[in-house]
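**Q** Once you've had a glance at the structure underneath, I'll fire off some questions.
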Amino acid sequence: MPADTMFTPLTDAQFREKAGAVLAEIEVTVDRWLQRDVIDIDASRTGGLLELSFPNGSKIVINTQPPLHELWLAARGGGFHFKHADGKWLDTRNGADFYAVLSTCASEQGSRELTFGSV
């Protein structure tokens, strides 16, 4: 992680709002793909956990971590932790953007280019 990256301190309420918006945006994107017959991904959300099930049986899990104010992403490509910084969610290890990582993982697991967020 670049030393000059400053994570944005959030209140618990701000974290819940921002993390909830990310999960909702992912669900909207997956629903749009289903309606347009792009790919049949099943999205299942329970509280702060969103599970994406791909046609090949693989999964991506996005989980909010309220005590740490982090988003966690688990996929075939690995596990990632993200913190909020300047309006984005950035990987705590290398500064990669959440939506870029999610898009890469989903594209690999979906066997086609899939883009989430403003990537």
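Ordering of the structure tokens sets the chain letters (A, B, ...), residue numbers begin anew at 1 in every chain, and ligands are numbered from 1 in the order given.
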Can you list every residue of region 86-110 of chain A that has an atom at most 8 Å from region 46-63 of chain A, with its nearest atom pair and the distance in Å to one decimal, using only C-alpha atoms, ordered by chain then number, as a Markdown table?

**A**
| residue | atom | partner | partner_atom | distance |
| --- | --- | --- | --- | --- |
| A:Cys105 | CA | A:Ile60 | CA | 8.0 |
| A:Ala106 | CA | A:Ile60 | CA | 7.6 |
| A:Gln109 | CA | A:Ser58 | CA | 6.7 |
| A:Gly110 | CA | A:Phe54 | CA | 6.3 |

**Q** From the DSSP assignment of the backbone, select every residue of chain A that is helix (DSSP H, G or I), and format the answer as an MDAnalysis selection string.

**A** chainID A and resid 12:35 98:110

**Q** Would you output that residue set with C-alpha atoms, as a PDB file, in the first residue's frame?

**A**
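Contents of the output file result_12.pdb:
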ATOM      1  CA  ASP A  12     -20.309   3.508  12.123  1.00  0.00           C
ATOM      2  CA  ALA A  13     -23.383   5.054  10.452  1.00  0.00           C
ATOM      3  CA  GLN A  14     -21.310   6.314   7.501  1.00  0.00           C
ATOM      4  CA  PHE A  15     -19.720   2.894   7.086  1.00  0.00           C
ATOM      5  CA  ARG A  16     -23.116   1.148   7.089  1.00  0.00           C
ATOM      6  CA  GLU A  17     -24.438   3.622   4.505  1.00  0.00           C
ATOM      7  CA  LYS A  18     -21.434   3.414   2.174  1.00  0.00           C
ATOM      8  CA  ALA A  19     -20.981  -0.357   2.463  1.00  0.00           C
ATOM      9  CA  GLY A  20     -24.718  -0.938   1.985  1.00  0.00           C
ATOM     10  CA  ALA A  21     -24.642   1.210  -1.157  1.00  0.00           C
ATOM     11  CA  VAL A  22     -21.834  -0.947  -2.594  1.00  0.00           C
ATOM     12  CA  LEU A  23     -23.767  -4.166  -1.986  1.00  0.00           C
ATOM     13  CA  ALA A  24     -26.940  -2.646  -3.469  1.00  0.00           C
ATOM     14  CA  GLU A  25     -25.061  -1.454  -6.561  1.00  0.00           C
ATOM     15  CA  ILE A  26     -23.644  -4.936  -7.114  1.00  0.00           C
ATOM     16  CA  GLU A  27     -27.130  -6.452  -6.818  1.00  0.00           C
ATOM     17  CA  VAL A  28     -28.539  -3.952  -9.353  1.00  0.00           C
ATOM     18  CA  THR A  29     -25.730  -4.759 -11.795  1.00  0.00           C
ATOM     19  CA  VAL A  30     -26.261  -8.521 -11.474  1.00  0.00           C
ATOM     20  CA  ASP A  31     -30.044  -8.079 -11.948  1.00  0.00           C
ATOM     21  CA  ARG A  32     -29.420  -5.969 -15.074  1.00  0.00           C
ATOM     22  CA  TRP A  33     -27.161  -8.682 -16.519  1.00  0.00           C
ATOM     23  CA  LEU A  34     -29.823 -11.315 -15.841  1.00  0.00           C
ATOM     24  CA  GLN A  35     -32.509  -9.209 -17.556  1.00  0.00           C
ATOM     25  CA  PHE A  98     -12.629  -2.559  -5.083  1.00  0.00           C
ATOM     26  CA  TYR A  99     -14.647  -2.475  -8.313  1.00  0.00           C
ATOM     27  CA  ALA A 100     -11.561  -3.234 -10.419  1.00  0.00           C
ATOM     28  CA  VAL A 101     -10.740  -6.281  -8.278  1.00  0.00           C
ATOM     29  CA  LEU A 102     -14.369  -7.441  -8.259  1.00  0.00           C
ATOM     30  CA  SER A 103     -14.599  -7.014 -12.036  1.00  0.00           C
ATOM     31  CA  THR A 104     -11.398  -9.010 -12.588  1.00  0.00           C
ATOM     32  CA  CYS A 105     -12.518 -11.829 -10.286  1.00  0.00           C
ATOM     33  CA  ALA A 106     -16.039 -11.929 -11.771  1.00  0.00           C
ATOM     34  CA  SER A 107     -14.669 -11.928 -15.324  1.00  0.00           C
ATOM     35  CA  GLU A 108     -12.380 -14.857 -14.501  1.00  0.00           C
ATOM     36  CA  GLN A 109     -15.131 -16.834 -12.780  1.00  0.00           C
ATOM     37  CA  GLY A 110     -17.790 -15.905 -15.348  1.00  0.00           C
TER      38      GLY A 110
END

**Q** Check the smallest atom-to-atom distance from each of A:His84, A:Gly117, A:Ile41, A:Arg112 to Trp72 (chain A) using only C-alpha atoms, then report the winner.

**A** A:His84

**Q** For CA of Phe116 (chain A) and CA of Leu10 (chain A), determine how far apart the two atoms are, in Å to one decimal place.

**A**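 That distance, rounded to one decimal, is 23.5 Å.
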
**Q** Would you list the contacts of Pro9 (chain A) as a PyMOL selection string, taking every protein, DNA or RNA residue within 12 Å and counting only C-alpha atoms, but skipping same-chain residues closer than 6 positions in sequence?

**A** chain A and resi 15+68-70+83-87
